[in-house]
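Okay, structure.cif now, which holds mmCIF, C-alpha atoms:
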```
data_final
#
loop_
_atom_site.group_PDB
_atom_site.id
_atom_site.type_symbol
_atom_site.label_atom_id
_atom_site.label_comp_id
_atom_site.auth_asym_id
_atom_site.auth_seq_id
_atom_site.Cartn_x
_atom_site.Cartn_y
_atom_site.Cartn_z
ATOM 1 C CA MET A 1 -16.417 4.485 -22.511
ATOM 2 C CA SER A 2 -19.865 5.649 -21.404
ATOM 3 C CA ILE A 3 -20.395 7.576 -18.197
ATOM 4 C CA SER A 4 -21.986 4.612 -16.421
ATOM 5 C CA VAL A 5 -19.033 2.361 -17.374
ATOM 6 C CA LYS A 6 -16.582 5.026 -16.210
ATOM 7 C CA PHE A 7 -18.526 5.472 -12.976
ATOM 8 C CA ARG A 8 -18.608 1.713 -12.297
ATOM 9 C CA ARG A 9 -14.888 1.466 -13.006
ATOM 10 C CA ALA A 10 -14.156 4.396 -10.688
ATOM 11 C CA CYS A 11 -16.266 2.749 -7.976
ATOM 12 C CA VAL A 12 -14.401 -0.563 -8.327
ATOM 13 C CA LEU A 13 -11.022 1.187 -8.145
ATOM 14 C CA ALA A 14 -12.151 3.253 -5.144
ATOM 15 C CA ILE A 15 -13.371 0.082 -3.405
ATOM 16 C CA VAL A 16 -9.993 -1.605 -4.000
ATOM 17 C CA ALA A 17 -8.027 1.385 -2.683
ATOM 18 C CA LEU A 18 -10.405 1.900 0.235
ATOM 19 C CA GLY A 19 -10.360 -1.833 0.989
ATOM 20 C CA VAL A 20 -6.569 -1.815 1.246
ATOM 21 C CA PHE A 21 -6.713 1.311 3.402
ATOM 22 C CA VAL A 22 -9.387 0.030 5.799
ATOM 23 C CA PHE A 23 -7.903 -3.475 6.131
ATOM 24 C CA ASP A 24 -4.428 -2.093 6.874
ATOM 25 C CA GLN A 25 -5.681 0.543 9.328
ATOM 26 C CA ALA A 26 -7.840 -2.020 11.137
ATOM 27 C CA ALA A 27 -4.941 -4.478 11.386
ATOM 28 C CA LYS A 28 -2.658 -1.753 12.740
ATOM 29 C CA ALA A 29 -5.256 -0.655 15.302
ATOM 30 C CA VAL A 30 -5.719 -4.229 16.548
ATOM 31 C CA VAL A 31 -1.963 -4.774 16.750
ATOM 32 C CA VAL A 32 -1.216 -1.459 18.499
ATOM 33 C CA GLU A 33 -4.201 -1.349 20.865
ATOM 34 C CA PHE A 34 -4.703 -5.019 21.764
ATOM 35 C CA ILE A 35 -2.125 -7.549 20.610
ATOM 36 C CA MET A 36 1.001 -5.576 21.469
ATOM 37 C CA GLN A 37 -0.030 -4.344 24.904
ATOM 38 C CA PRO A 38 2.546 -4.460 26.357
ATOM 39 C CA PRO A 39 4.881 -4.238 23.348
ATOM 40 C CA ARG A 40 6.692 -7.507 22.816
ATOM 41 C CA LYS A 41 7.757 -10.008 20.198
ATOM 42 C CA ILE A 42 5.282 -12.812 19.521
ATOM 43 C CA GLU A 43 6.860 -15.805 17.804
ATOM 44 C CA LEU A 44 4.225 -17.462 15.631
ATOM 45 C CA THR A 45 6.398 -19.807 13.535
ATOM 46 C CA ASP A 46 10.090 -20.497 12.958
ATOM 47 C CA PHE A 47 10.149 -17.711 10.355
ATOM 48 C CA PHE A 48 7.300 -15.348 11.292
ATOM 49 C CA ASN A 49 6.869 -13.049 14.310
ATOM 50 C CA LEU A 50 4.644 -10.171 15.275
ATOM 51 C CA VAL A 51 6.577 -7.144 16.512
ATOM 52 C CA LEU A 52 5.656 -3.522 17.078
ATOM 53 C CA SER A 53 7.759 -1.016 15.203
ATOM 54 C CA PHE A 54 7.225 2.641 14.343
ATOM 55 C CA ASN A 55 9.048 3.763 11.191
ATOM 56 C CA PRO A 56 9.507 7.544 10.995
ATOM 57 C CA GLY A 57 11.580 7.225 7.806
ATOM 58 C CA ILE A 58 10.808 6.086 4.313
ATOM 59 C CA SER A 59 11.260 2.546 2.993
ATOM 60 C CA PHE A 60 13.293 0.325 5.347
ATOM 61 C CA GLY A 61 13.652 3.229 7.794
ATOM 62 C CA MET A 62 15.915 5.232 5.487
ATOM 63 C CA LEU A 63 16.310 8.886 6.456
ATOM 64 C CA SER A 64 14.486 8.255 9.744
ATOM 65 C CA GLY A 65 16.690 10.688 11.655
ATOM 66 C CA LEU A 66 16.088 13.446 9.121
ATOM 67 C CA LEU A 67 12.365 12.787 8.756
ATOM 68 C CA ARG A 68 11.485 12.133 12.416
ATOM 69 C CA ASP A 69 10.538 15.789 12.964
ATOM 70 C CA ASN A 70 8.863 16.171 9.562
ATOM 71 C CA ALA A 71 6.175 13.469 9.760
ATOM 72 C CA VAL A 72 3.339 15.839 8.838
ATOM 73 C CA ALA A 73 5.193 17.141 5.790
ATOM 74 C CA LEU A 74 6.136 13.635 4.653
ATOM 75 C CA GLY A 75 2.606 12.351 5.332
ATOM 76 C CA THR A 76 1.121 15.214 3.334
ATOM 77 C CA VAL A 77 3.443 14.586 0.390
ATOM 78 C CA GLN A 78 2.658 10.877 0.593
ATOM 79 C CA ALA A 79 -1.092 11.624 0.588
ATOM 80 C CA ILE A 80 -0.696 13.832 -2.501
ATOM 81 C CA VAL A 81 1.273 11.059 -4.223
ATOM 82 C CA ALA A 82 -1.449 8.528 -3.313
ATOM 83 C CA LEU A 83 -4.124 10.821 -4.767
ATOM 84 C CA THR A 84 -2.067 11.345 -7.925
ATOM 85 C CA ILE A 85 -1.604 7.585 -8.337
ATOM 86 C CA MET A 86 -5.367 7.115 -7.936
ATOM 87 C CA ILE A 87 -5.998 9.690 -10.672
ATOM 88 C CA PHE A 88 -3.616 7.782 -12.960
ATOM 89 C CA ALA A 89 -5.545 4.590 -12.102
ATOM 90 C CA LEU A 90 -8.826 6.223 -13.090
ATOM 91 C CA TYR A 91 -7.421 7.292 -16.460
ATOM 92 C CA SER A 92 -5.512 4.098 -17.203
ATOM 93 C CA HIS A 93 -6.598 2.358 -20.407
ATOM 94 C CA ARG A 94 -5.872 -1.121 -19.100
ATOM 95 C CA ARG A 95 -7.876 -2.652 -16.259
ATOM 96 C CA ILE A 96 -4.922 -4.552 -14.797
ATOM 97 C CA ASP A 97 -2.851 -1.354 -14.610
ATOM 98 C CA ALA A 98 -5.756 0.501 -12.994
ATOM 99 C CA LEU A 99 -6.175 -2.262 -10.414
ATOM 100 C CA ALA A 100 -2.437 -2.313 -9.638
ATOM 101 C CA LEU A 101 -2.341 1.472 -9.264
ATOM 102 C CA SER A 102 -5.391 1.485 -6.967
ATOM 103 C CA MET A 103 -3.705 -1.108 -4.711
ATOM 104 C CA LEU A 104 -0.605 1.088 -4.629
ATOM 105 C CA ALA A 105 -2.677 4.199 -3.864
ATOM 106 C CA GLY A 106 -4.554 2.478 -1.028
ATOM 107 C CA GLY A 107 -1.317 1.309 0.584
ATOM 108 C CA ALA A 108 0.338 4.703 0.212
ATOM 109 C CA ALA A 109 -2.740 6.432 1.666
ATOM 110 C CA SER A 110 -2.790 4.100 4.678
ATOM 111 C CA ASN A 111 0.876 4.682 5.466
ATOM 112 C CA SER A 112 0.301 8.407 4.974
ATOM 113 C CA ALA A 113 -2.546 8.280 7.512
ATOM 114 C CA ASP A 114 -0.161 6.643 9.995
ATOM 115 C CA ARG A 115 2.368 9.434 9.564
ATOM 116 C CA LEU A 116 -0.274 12.106 10.011
ATOM 117 C CA HIS A 117 -1.933 10.362 13.000
ATOM 118 C CA ARG A 118 1.010 8.733 14.812
ATOM 119 C CA GLY A 119 4.061 10.528 13.420
ATOM 120 C CA ALA A 120 5.415 7.242 12.009
ATOM 121 C CA VAL A 121 4.242 4.186 10.082
ATOM 122 C CA VAL A 122 3.222 1.180 12.189
ATOM 123 C CA ASP A 123 5.004 -2.010 11.107
ATOM 124 C CA PHE A 124 4.339 -5.372 12.730
ATOM 125 C CA ILE A 125 5.082 -8.259 10.351
ATOM 126 C CA ASP A 126 8.535 -9.744 10.976
ATOM 127 C CA ILE A 127 9.845 -12.377 8.565
ATOM 128 C CA HIS A 128 13.159 -14.071 9.288
ATOM 129 C CA ILE A 129 15.041 -17.008 7.801
ATOM 130 C CA ALA A 130 18.336 -18.460 9.006
ATOM 131 C CA GLY A 131 18.930 -15.558 11.393
ATOM 132 C CA MET A 132 18.360 -12.925 8.684
ATOM 133 C CA HIS A 133 15.459 -10.521 9.262
ATOM 134 C CA TRP A 134 13.576 -8.626 6.611
ATOM 135 C CA PRO A 135 12.687 -5.156 7.931
ATOM 136 C CA ALA A 136 9.275 -5.182 9.641
ATOM 137 C CA PHE A 137 6.384 -4.233 7.372
ATOM 138 C CA ASN A 138 2.580 -4.015 7.256
ATOM 139 C CA PHE A 139 -0.308 -4.880 4.935
ATOM 140 C CA ALA A 140 -0.126 -1.482 3.196
ATOM 141 C CA ASP A 141 3.468 -2.302 2.248
ATOM 142 C CA VAL A 142 2.300 -5.658 0.873
ATOM 143 C CA ALA A 143 -0.325 -3.878 -1.256
ATOM 144 C CA VAL A 144 2.234 -1.342 -2.513
ATOM 145 C CA VAL A 145 4.739 -4.053 -3.472
ATOM 146 C CA ALA A 146 2.029 -6.228 -5.068
ATOM 147 C CA GLY A 147 0.702 -3.226 -7.001
ATOM 148 C CA VAL A 148 4.172 -2.344 -8.281
ATOM 149 C CA MET A 149 4.856 -5.968 -9.257
ATOM 150 C CA VAL A 150 1.535 -6.330 -11.119
ATOM 151 C CA PHE A 151 2.045 -2.970 -12.846
ATOM 152 C CA ALA A 152 5.613 -3.896 -13.870
ATOM 153 C CA ALA A 153 4.573 -7.364 -15.075
ATOM 154 C CA SER A 154 1.723 -5.820 -17.030
ATOM 155 C CA GLY A 155 4.149 -3.439 -18.694
ATOM 156 C CA MET A 156 6.619 -6.189 -19.532
ATOM 157 C CA PHE A 157 4.281 -8.999 -20.525
ATOM 158 C CA GLY A 158 0.848 -7.489 -21.124
ATOM 159 C CA SER A 159 -0.604 -6.563 -24.463
ATOM 160 C CA ARG A 160 -0.579 -2.952 -25.550
ATOM 161 C CA PRO A 161 -3.849 -1.065 -26.032
ATOM 162 C CA SER A 162 -4.969 -0.936 -29.631
ATOM 163 C CA ASN A 163 -4.727 2.367 -31.531
ATOM 164 C CA LYS A 164 -7.380 1.248 -34.054
ATOM 165 C CA THR A 165 -10.288 3.616 -34.491
ATOM 166 C CA GLN A 166 -13.602 2.023 -33.597
ATOM 167 C CA VAL A 167 -16.314 2.001 -36.255
ATOM 168 C CA ASN A 168 -19.189 3.077 -33.985
ATOM 169 C CA GLY A 169 -17.350 6.224 -32.889
ATOM 170 C CA SER A 170 -17.173 5.388 -29.200
#
```
Please express the file's structure as structure tokens.
Amino acid sequence: MSISVKFRRACVLAIVALGVFVFDQAAKAVVVEFIMQPPRKIELTDFFNLVLSFNPGISFGMLSGLLRDNAVALGTVQAIVALTIMIFALYSHRRIDALALSMLAGGAASNSADRLHRGAVVDFIDIHIAGMHWPAFNFADVAVVAGVMVFAASGMFGSRPSNKTQVNGS
């Protein structure tokens, strides 16, 4: 891969990760500063509400009591993980894997920014069916889950990179 191809690929992956980050942060700012003032539950459909929730824990609020006072440490670790995932995306041999990893990195970075800025992750999407509620989530969570699903599907169903040596030496 030539330098210009590598640079273009890195730019595309950075745009994807940054796009996820900016979209999620903008949505959270609008929800926190405008829509949820005062905090309340807004019923949009029979299965979809907007709520305002601050998650100091990890996924689904696990360990929230333990992590409530360690938001900066958890946010820092999460930021390092997001950066590491982005590095893996840049060095991935398959475009679909790189795209999935950049989505995951953007979502992780956005949630990390919440922890560092607010001390907890802002969640506001509330899905419920037949009285059962899924834990509230945000667009960064959607990007993380979508990235993991695409990456897993690529690993299970995608073709493997070829180990054949190219004739032109590139």
Quick one: contact table of region 59-121 of chain A to region 23-27 of chain A, 9 Å max, nearest atom pair and distance in Å to one decimal per residue, counting only C-alpha atoms, chain and number order, as JSON lines?
```
{"residue": "A:Gly107", "atom": "CA", "partner": "A:Asp24", "partner_atom": "CA", "distance": 7.8}
{"residue": "A:Ser110", "atom": "CA", "partner": "A:Gln25", "partner_atom": "CA", "distance": 6.5}
{"residue": "A:Asn111", "atom": "CA", "partner": "A:Gln25", "partner_atom": "CA", "distance": 8.7}
{"residue": "A:Ala113", "atom": "CA", "partner": "A:Gln25", "partner_atom": "CA", "distance": 8.5}
{"residue": "A:Asp114", "atom": "CA", "partner": "A:Gln25", "partner_atom": "CA", "distance": 8.3}
```
Please produce a file of those selected residues containing C-alpha atoms, as a compact mmCIF listing (two decimals), in the coordinates of the input.
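out33.txt, written as the output of this step:
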```txt
# COMPACT_ATOMS: atom_id res chain seq x y z
CA GLY A 107 -1.32 1.31 0.58
CA SER A 110 -2.79 4.10 4.68
CA ASN A 111 0.88 4.68 5.47
CA ALA A 113 -2.55 8.28 7.51
CA ASP A 114 -0.16 6.64 9.99
```
| Applied to the shown file, which residues does the PyMOL selection byres ((chain A and resi 85) around 12) return, written as an MDAnalysis selection string? | chainID A and resid 13:14 17 78:84 86:92 97:109 144 147:148
Just say which residues the PyMOL selection byres ((chain A and resi 54) around 12) picks in this file, as a PDB file with C-alpha atoms, in the frame of the given file.
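Result went into expr11.pdb, see below:
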```pdb
ATOM      1  CA  LYS A  28      -2.658  -1.753  12.740  1.00  0.00           C
ATOM      2  CA  VAL A  32      -1.216  -1.459  18.499  1.00  0.00           C
ATOM      3  CA  PRO A  39       4.881  -4.238  23.348  1.00  0.00           C
ATOM      4  CA  VAL A  51       6.577  -7.144  16.512  1.00  0.00           C
ATOM      5  CA  LEU A  52       5.656  -3.522  17.078  1.00  0.00           C
ATOM      6  CA  SER A  53       7.759  -1.016  15.203  1.00  0.00           C
ATOM      7  CA  ASN A  55       9.048   3.763  11.191  1.00  0.00           C
ATOM      8  CA  PRO A  56       9.507   7.544  10.995  1.00  0.00           C
ATOM      9  CA  GLY A  57      11.580   7.225   7.806  1.00  0.00           C
ATOM     10  CA  ILE A  58      10.808   6.086   4.313  1.00  0.00           C
ATOM     11  CA  PHE A  60      13.293   0.325   5.347  1.00  0.00           C
ATOM     12  CA  GLY A  61      13.652   3.229   7.794  1.00  0.00           C
ATOM     13  CA  SER A  64      14.486   8.255   9.744  1.00  0.00           C
ATOM     14  CA  ARG A  68      11.485  12.133  12.416  1.00  0.00           C
ATOM     15  CA  ALA A  71       6.175  13.469   9.760  1.00  0.00           C
ATOM     16  CA  ASN A 111       0.876   4.682   5.466  1.00  0.00           C
ATOM     17  CA  ASP A 114      -0.161   6.643   9.995  1.00  0.00           C
ATOM     18  CA  ARG A 115       2.368   9.434   9.564  1.00  0.00           C
ATOM     19  CA  ARG A 118       1.010   8.733  14.812  1.00  0.00           C
ATOM     20  CA  GLY A 119       4.061  10.528  13.420  1.00  0.00           C
ATOM     21  CA  ALA A 120       5.415   7.242  12.009  1.00  0.00           C
ATOM     22  CA  VAL A 121       4.242   4.186  10.082  1.00  0.00           C
ATOM     23  CA  VAL A 122       3.222   1.180  12.189  1.00  0.00           C
ATOM     24  CA  ASP A 123       5.004  -2.010  11.107  1.00  0.00           C
ATOM     25  CA  PHE A 124       4.339  -5.372  12.730  1.00  0.00           C
ATOM     26  CA  ILE A 125       5.082  -8.259  10.351  1.00  0.00           C
ATOM     27  CA  PRO A 135      12.687  -5.156   7.931  1.00  0.00           C
ATOM     28  CA  ALA A 136       9.275  -5.182   9.641  1.00  0.00           C
ATOM     29  CA  PHE A 137       6.384  -4.233   7.372  1.00  0.00           C
ATOM     30  CA  ASN A 138       2.580  -4.015   7.256  1.00  0.00           C
TER      31      ASN A 138
END
```
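Restricting the calculation to all atoms listed in the file, the smallest distance between Gly155 (chain A) and any of A:Ile96, A:Val77, A:Ile35, A:Ile42 is found for A:Ile96.
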**OP:** Tell me which of A:Val72, A:Leu116, A:Ala10, A:Ala146 sits closest to Arg95 (chain A), counting all atoms listed in the file.
**Re:**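 The closest residue to Arg95 (chain A) is A:Ala10.
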Separating CA of Phe47 (chain A) from CA of Val16 (chain A), to the nearest tenth of an Å, is a gap of 29.5 Å
Query raised in the report: In Å to one decimal, how far is CA of Ile129 (chain A) from CA of Glu33 (chain A)?
Result: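 CA of Ile129 (chain A) lies at a distance of 28.0 Å from CA of Glu33 (chain A).
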One number please: CA of Glu43 (chain A) to CA of Ala130 (chain A), in Å, one decimal.
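If I compute the distance from CA of Glu43 (chain A) to CA of Ala130 (chain A), I get 14.7 Å.
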Item to check | Shortest interatomic distance to Asp141 (chain A) - which of A:Lys6, A:Arg94, A:Val20, A:Pro38, counting all atoms listed in the file | outcome: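 When distances to Asp141 (chain A) are compared using all atoms listed in the file, the smallest one comes from A:Val20.
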Checklist entry - Leaving out Gly131 (chain A) and any residue of its chain fewer than 3 positions from it, which residues lie within 12 Å of it when counting all atoms listed in the file, given as JSON, numbers by chain? => result {"A": [46, 47, 48, 126, 127, 128, 134]}
Convert the current residue selection to file output with C-alpha atoms, as a compact mmCIF listing (two decimals), in the coordinates of the input.
```
# COMPACT_ATOMS: atom_id res chain seq x y z
CA ASP A 46 10.09 -20.50 12.96
CA PHE A 47 10.15 -17.71 10.36
CA PHE A 48 7.30 -15.35 11.29
CA ASP A 126 8.54 -9.74 10.98
CA ILE A 127 9.85 -12.38 8.56
CA HIS A 128 13.16 -14.07 9.29
CA TRP A 134 13.58 -8.63 6.61
```
Any chance you could export region 69-143 of chain A with C-alpha atoms, as a JSON list (two decimals), in the first residue's frame?
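Wrote selection.json, looks like this:
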```json
[["chain", "number", "residue", "atom", "x", "y", "z"],
["A", 69, "ASP", "CA", -15.63, 7.90, 42.50],
["A", 70, "ASN", "CA", -13.20, 6.71, 39.81],
["A", 71, "ALA", "CA", -14.70, 8.34, 36.70],
["A", 72, "VAL", "CA", -11.43, 10.00, 35.66],
["A", 73, "ALA", "CA", -9.49, 6.74, 35.95],
["A", 74, "LEU", "CA", -12.15, 4.79, 34.06],
["A", 75, "GLY", "CA", -12.44, 7.54, 31.42],
["A", 76, "THR", "CA", -8.68, 7.57, 30.95],
["A", 77, "VAL", "CA", -8.53, 3.79, 30.56],
["A", 78, "GLN", "CA", -11.45, 3.95, 28.14],
["A", 79, "ALA", "CA", -9.67, 6.66, 26.11],
["A", 80, "ILE", "CA", -6.52, 4.52, 25.92],
["A", 81, "VAL", "CA", -8.61, 1.54, 24.78],
["A", 82, "ALA", "CA", -10.29, 3.71, 22.12],
["A", 83, "LEU", "CA", -6.89, 4.87, 20.86],
["A", 84, "THR", "CA", -5.60, 1.29, 20.80],
["A", 85, "ILE", "CA", -8.66, 0.15, 18.84],
["A", 86, "MET", "CA", -8.08, 2.97, 16.35],
["A", 87, "ILE", "CA", -4.47, 1.85, 15.89],
["A", 88, "PHE", "CA", -5.70, -1.69, 15.18],
["A", 89, "ALA", "CA", -8.15, -0.20, 12.65],
["A", 90, "LEU", "CA", -5.33, 1.62, 10.88],
["A", 91, "TYR", "CA", -3.29, -1.58, 10.59],
["A", 92, "SER", "CA", -6.17, -3.89, 9.70],
["A", 93, "HIS", "CA", -5.77, -5.64, 6.34],
["A", 94, "ARG", "CA", -9.49, -5.72, 5.62],
["A", 95, "ARG", "CA", -11.47, -2.54, 4.99],
["A", 96, "ILE", "CA", -14.64, -3.83, 6.65],
["A", 97, "ASP", "CA", -12.72, -4.68, 9.84],
["A", 98, "ALA", "CA", -11.05, -1.26, 9.82],
["A", 99, "LEU", "CA", -14.42, 0.46, 9.41],
["A", 100, "ALA", "CA", -15.98, -1.60, 12.22],
["A", 101, "LEU", "CA", -13.05, -0.87, 14.54],
["A", 102, "SER", "CA", -13.18, 2.87, 13.79],
["A", 103, "MET", "CA", -16.91, 2.92, 14.67],
["A", 104, "LEU", "CA", -16.09, 1.14, 17.92],
["A", 105, "ALA", "CA", -13.23, 3.56, 18.67],
["A", 106, "GLY", "CA", -15.41, 6.62, 18.02],
["A", 107, "GLY", "CA", -18.13, 5.34, 20.35],
["A", 108, "ALA", "CA", -15.66, 4.41, 23.07],
["A", 109, "ALA", "CA", -13.97, 7.82, 22.78],
["A", 110, "SER", "CA", -17.30, 9.65, 23.08],
["A", 111, "ASN", "CA", -18.32, 7.74, 26.20],
["A", 112, "SER", "CA", -14.83, 8.32, 27.59],
["A", 113, "ALA", "CA", -15.25, 12.07, 27.02],
["A", 114, "ASP", "CA", -18.50, 11.93, 29.00],
["A", 115, "ARG", "CA", -16.77, 10.27, 31.93],
["A", 116, "LEU", "CA", -13.96, 12.80, 31.90],
["A", 117, "HIS", "CA", -16.29, 15.81, 31.46],
["A", 118, "ARG", "CA", -19.40, 14.81, 33.45],
["A", 119, "GLY", "CA", -18.20, 11.97, 35.67],
["A", 120, "ALA", "CA", -20.67, 9.57, 34.02],
["A", 121, "VAL", "CA", -21.93, 8.59, 30.57],
["A", 122, "VAL", "CA", -25.10, 10.35, 29.39],
["A", 123, "ASP", "CA", -27.77, 7.90, 28.24],
["A", 124, "PHE", "CA", -31.11, 9.03, 26.84],
["A", 125, "ILE", "CA", -32.61, 6.42, 24.49],
["A", 126, "ASP", "CA", -35.20, 4.26, 26.26],
["A", 127, "ILE", "CA", -36.64, 1.27, 24.40],
["A", 128, "HIS", "CA", -39.41, -0.76, 26.02],
["A", 129, "ILE", "CA", -41.72, -3.54, 24.85],
["A", 130, "ALA", "CA", -44.50, -5.18, 26.85],
["A", 131, "GLY", "CA", -43.40, -3.50, 30.08],
["A", 132, "MET", "CA", -39.78, -4.64, 29.70],
["A", 133, "HIS", "CA", -37.17, -1.87, 29.43],
["A", 134, "TRP", "CA", -33.77, -2.17, 27.83],
["A", 135, "PRO", "CA", -31.25, -0.12, 29.84],
["A", 136, "ALA", "CA", -31.02, 3.45, 28.51],
["A", 137, "PHE", "CA", -28.28, 3.99, 25.94],
["A", 138, "ASN", "CA", -26.87, 6.58, 23.53],
["A", 139, "PHE", "CA", -25.61, 6.83, 19.95],
["A", 140, "ALA", "CA", -22.04, 5.96, 20.99],
["A", 141, "ASP", "CA", -23.38, 2.68, 22.38],
["A", 142, "VAL", "CA", -25.15, 2.04, 19.06],
["A", 143, "ALA", "CA", -21.87, 2.62, 17.20]]
```
